[in-house]
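Q: Would you mind keeping the following structure in view while I ask a few things?
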There are 2 protein chains.
Amino acid sequence: MRAITLPQHGGPEVLTLAEVPDPVPGPDEILVRVAHSAVNRADTLQRMGGYPDPVRRDVEIPGLEFAGTVEAVGHRVTVWSVGDRVMGIEAGACYAELVVTHERQALPVPDGLDLRDAAAVPEVFLTAWDALVVQGGLTSGRWALVHAGASGVGTAAIQIAKAIGARIAVTCSAGKMQACSTLGADIVLERSPNDWAAELTGLVPDGVDVVLDVIGGDEVDRNLKVVRREGTIVQVGLMGGGRTPVNLGLLLTKRVHWIGTTLRARPLEQKIDVCQRFIAEVLPLFDAGALHPVIDSRFPLERTADAHRHMEADANIGKILLDVATT
Amino acid sequence: MRAITLPQHGGPEVLTLAEVPDPVPGPDEILVRVAHSAVNRADTLQRMGGYPDPVRRDVEIPGLEFAGTVEAVGHRVTVWSVGDRVMGIEAGACYAELVVTHERQALPVPDGLDLRDAAAVPEVFLTAWDALVVQGGLTSGRWALVHAGASGVGTAAIQIAKAIGARIAVTCSAGKMQACSTLGADIVLERSPNDWAAELTGLVPDGVDVVLDVIGGDEVDRNLKVVRREGTIVQVGLMGGGRTPVNLGLLLTKRVHWIGTTLRARPLEQKIDVCQRFIAEVLPLFDAGALHPVIDSRFPLERTADAHRHMEADANIGKILLDVATT
């Protein structure tokens, strides 16, 4: 099969289209013919050597999500048949024409969703929902704060919050504020160095219930300032830096829960658990019209390097897709 | 009544014995004739002006715990009768001959426990149990790490961990290591700047499940190093400093839960909830002989300043009690 490989780590130019051996499904796994994959911020980190694939593979292939059709099934598989439309997350190897995944980790593509758009769903909707709802405990009536509101995770978070009756504030750069409002964000704040924390405290004086933060760095102390007593901060990324001075006095006196999380490193049983809940609790909201993928742009697989450059330029609103199937 | 008051904030000399009006119980409250109170690290902080009482009072009286007998009951009280032996926690005002508390927040003194020793129980056993078990999820078989193993909270933590079938490592200064071993700690480590983290990793390679930390400061990064994937750090104090550089990369990749907590600032319903669970789950362990108060020393109420000096000298093993009743 064709796949984008990483013969070395570095800039976008190291992403190399190559012929590699087809993956072989185990007894509980399905083989998926990938129609589309998508770029995630974590892929650029992996490309630079800073986010190694937890799965040992002969050839390093990045890519955390896919949408396609079932090509073959392992002999114990009961959930899927050849030809079914599926999407899902994997720890890597999704920039490829064929992907193997556990049958209970795969997600059905909702009927109303074009396969062309489905690869924009798994990673960001799973991440946003897991962080806000499963780990953060967001419910109707409560307030979420999400940084990078126009990112893939941000655009998913806004829709999920509104779909469950919660309220949401987001931060983003000035040029993306309108897009966040249009998606339904209740409060849209221009990101730091603008003093968004003071602005938010004026609007939500008791503080927000859940913070979903992909930034870290300078935003950490602002998160602690704006979170309510006994609120939860879910740290999903550290784009703004890892080693950071933190005002632990606020963590203590506000009795904050600060949770670090990644989907990728979890063991299989946890991934299956979150995927099965997602099927039951979130996918119906696509059929109901409450959720939809937000797609910024599409690149053919052979132009994956340009897709990475586009993400690193920080200009996207929503997902950057890769068209894998050539026909 | 007589009470220790804080006419101003500062060193131990500001602790002033005075005559103040008796407190009056509300309809759901009991009035307790205090036999003994006890000194907590937080009291020294309050004395210096750094830990204000969340309850507004005409006269500032420190003191977070008491043991005594019921002197009078509010007209809706059903749990207690005059003369019952009670102990408990309050947000302040326990360095006094009379204390008022909600009837459902008061704890019965276990039959086998001398009233003389009971004031050594509430604050440290509640804190250690709430942090390790309720918030940290410590169970049989799992590993706890507790700093300041010979402190009041530390000596309670060691006993609780062993009583529920868990395993526990503690840090303390060289002179207190024997006391921690005698209490039952499985691993006793000399505290920083000794590299206890490397030592602990050698002994518990998969990492500890729960960290109870009263220090903060330089221990924060070591906590993140030794906690296992998906482990919990419960931050109960910050004796080593509040604003601290933190390796957030470990928080993220290990999917750590970092929880700030204090008992004192919680609303009434939460205090009652934790006290009622404590009555059901922990007090029976005193009758069973698995738990006992660890008492370092006793001071009469009029020598409270000396009791504070003793705590600030960091030489105590277990609790420093105040004898309040003069007879």
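Following the order of the structure tokens, chains are lettered A, B, ..., residues in each are numbered from 1, and ligands are numbered from 1.
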What residues in stretch 143-181 of chain B get the DSSP label strand (DSSP E)? Please answer as a PDB file with C-alpha atoms, in the first residue's frame.

A:
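Written output follows (part_2.pdb):
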ATOM      1  CA  TRP B 143       0.852   2.272  46.945  1.00  0.00           C
ATOM      2  CA  ALA B 144       0.610   5.631  48.704  1.00  0.00           C
ATOM      3  CA  LEU B 145       3.394   8.173  49.118  1.00  0.00           C
ATOM      4  CA  VAL B 146       3.042  10.649  51.977  1.00  0.00           C
ATOM      5  CA  ARG B 167       1.177  -0.073  51.008  1.00  0.00           C
ATOM      6  CA  ILE B 168       2.812   3.203  51.976  1.00  0.00           C
ATOM      7  CA  ALA B 169       6.085   5.020  51.488  1.00  0.00           C
ATOM      8  CA  VAL B 170       6.819   8.171  53.489  1.00  0.00           C
ATOM      9  CA  THR B 171       9.463  10.864  53.492  1.00  0.00           C
ATOM     10  CA  CYS B 172      10.696  12.538  56.672  1.00  0.00           C
TER      11      CYS B 172
END

Q: Taking only C-alpha atoms into account, report as a JSON list (two decimals) with N, CA and C atoms, in the first residue's frame which residues of chain A lie within 6 Å of chain B.

A:
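Output saved as result-v2.json:
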[["chain", "number", "residue", "atom", "x", "y", "z"],
["A", 242, "GLY", "N", 6.08, 23.44, 28.23],
["A", 242, "GLY", "CA", 5.91, 22.39, 29.22],
["A", 242, "GLY", "C", 6.26, 22.80, 30.64],
["A", 243, "ARG", "N", 7.49, 23.26, 30.86],
["A", 243, "ARG", "CA", 7.90, 23.63, 32.22],
["A", 243, "ARG", "C", 7.45, 25.05, 32.51],
["A", 244, "THR", "N", 6.59, 25.20, 33.49],
["A", 244, "THR", "CA", 5.86, 26.45, 33.68],
["A", 244, "THR", "C", 5.75, 26.77, 35.16],
["A", 245, "PRO", "N", 5.97, 28.03, 35.55],
["A", 245, "PRO", "CA", 5.70, 28.39, 36.95],
["A", 245, "PRO", "C", 4.19, 28.43, 37.18],
["A", 246, "VAL", "N", 3.75, 27.80, 38.24],
["A", 246, "VAL", "CA", 2.32, 27.66, 38.50],
["A", 246, "VAL", "C", 1.98, 28.21, 39.88],
["A", 247, "ASN", "N", 0.89, 28.93, 39.97],
["A", 247, "ASN", "CA", 0.40, 29.44, 41.24],
["A", 247, "ASN", "C", -0.38, 28.35, 41.96],
["A", 248, "LEU", "N", 0.35, 27.51, 42.70],
["A", 248, "LEU", "CA", -0.29, 26.36, 43.35],
["A", 248, "LEU", "C", -1.22, 26.76, 44.49],
["A", 249, "GLY", "N", -1.04, 27.98, 44.99],
["A", 249, "GLY", "CA", -1.96, 28.46, 46.04],
["A", 249, "GLY", "C", -3.41, 28.43, 45.55],
["A", 251, "LEU", "N", -4.58, 26.44, 43.14],
["A", 251, "LEU", "CA", -4.97, 25.02, 43.03],
["A", 251, "LEU", "C", -5.52, 24.53, 44.36],
["A", 252, "LEU", "N", -4.83, 24.93, 45.43],
["A", 252, "LEU", "CA", -5.18, 24.45, 46.76],
["A", 252, "LEU", "C", -6.46, 25.10, 47.28],
["A", 255, "ARG", "N", -9.51, 24.24, 45.46],
["A", 255, "ARG", "CA", -9.75, 22.78, 45.39],
["A", 255, "ARG", "C", -9.98, 22.35, 43.94],
["A", 256, "VAL", "N", -9.05, 22.78, 43.09],
["A", 256, "VAL", "CA", -9.15, 22.51, 41.66],
["A", 256, "VAL", "C", -8.74, 21.07, 41.37],
["A", 257, "HIS", "N", -9.39, 20.45, 40.41],
["A", 257, "HIS", "CA", -8.95, 19.18, 39.83],
["A", 257, "HIS", "C", -8.25, 19.50, 38.52],
["A", 258, "TRP", "N", -6.99, 19.14, 38.43],
["A", 258, "TRP", "CA", -6.21, 19.42, 37.22],
["A", 258, "TRP", "C", -5.80, 18.06, 36.65],
["A", 259, "ILE", "N", -6.29, 17.77, 35.48],
["A", 259, "ILE", "CA", -6.15, 16.42, 34.91],
["A", 259, "ILE", "C", -5.36, 16.50, 33.62],
["A", 260, "GLY", "N", -4.27, 15.77, 33.53],
["A", 260, "GLY", "CA", -3.56, 15.63, 32.27],
["A", 260, "GLY", "C", -4.17, 14.48, 31.47],
["A", 261, "THR", "N", -4.27, 14.66, 30.16],
["A", 261, "THR", "CA", -4.89, 13.58, 29.39],
["A", 261, "THR", "C", -4.36, 13.52, 27.97]]

Q: Show me, as a ChimeraX atom specification, the residues that have an atom within 12 Å of A:Pro267 when counting only C-alpha atoms, minus same-chain residues fewer than 6 positions from it.

A: /A:54-55,90-91,105,273-274 /B:229-230

Q: Set the distance at 8 Å and use only C-alpha atoms: which residues neighbour stretch 21-31 of chain A once local chain neighbours fewer than 2 positions away are removed? I'd like the list as number ranges by chain.

A: A: 1, 19, 33, 70-77, 80, 98-103

Q: Within 10 Å of stretch 2-18 of chain B, counting only C-alpha atoms, which residues qualify if same-chain residues fewer than 6 places away don't, as a ChimeraX atom specification?

A: /B:44-50,59-63,93-98,301-309,312,324-325

Q: DSSP on the backbone: what in stretch 73-275 of chain B comes out helix (DSSP H, G or I), as a ChimeraX atom specification?

A: /B:115-118,122-135,152-163,174-183,196-203,219-226,248-253,268-275

Q: Please indicate the distance in Å from atom CA of B:Ala166 to atom CA of B:Glu269, rounded to one decimal place.

A: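 Pair atom CA of B:Ala166 / atom CA of B:Glu269 returns 29.0 Å.
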
Q: B:Asp195, B:Asp53, B:Asp323, B:Asp209: which is nearest B:Gly141, counting only C-alpha atoms?

A: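 Among B:Asp195, B:Asp53, B:Asp323, B:Asp209, it is B:Asp209 that comes nearest to B:Gly141.
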
Q: Determine the nearest neighbour of B:Asp287 from the options B:Val32, B:Leu113, B:Val210, B:Ala179, counting only C-alpha atoms.

A: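 Smallest distance to B:Asp287 is found for B:Leu113.
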
Q: Any idea what's packed within 12 Å of B:Lys176, counting only C-alpha atoms, ignoring anything in its chain fewer than 6 positions away? Could you give it as a ChimeraX atom specification?

A: /B:148-151,154-155,170,182-183,185,188-191,314-318

Q: Take atom CA of A:Gly175 and atom CA of A:Arg41 and report the distance between them in Å, one decimal.

A: 19.8 Å

Q: Hey, what's within 10 Å of stretch 120-123 of chain A if we count only C-alpha atoms and toss same-chain stuff fewer than 2 positions away? As a PyMOL selection string, please?

A: chain A and resi 36-40+64-67+87-90+106-107+109+113+115-118+125-128+152-153+156+263-264+275+278+283+286+291-296+318-322
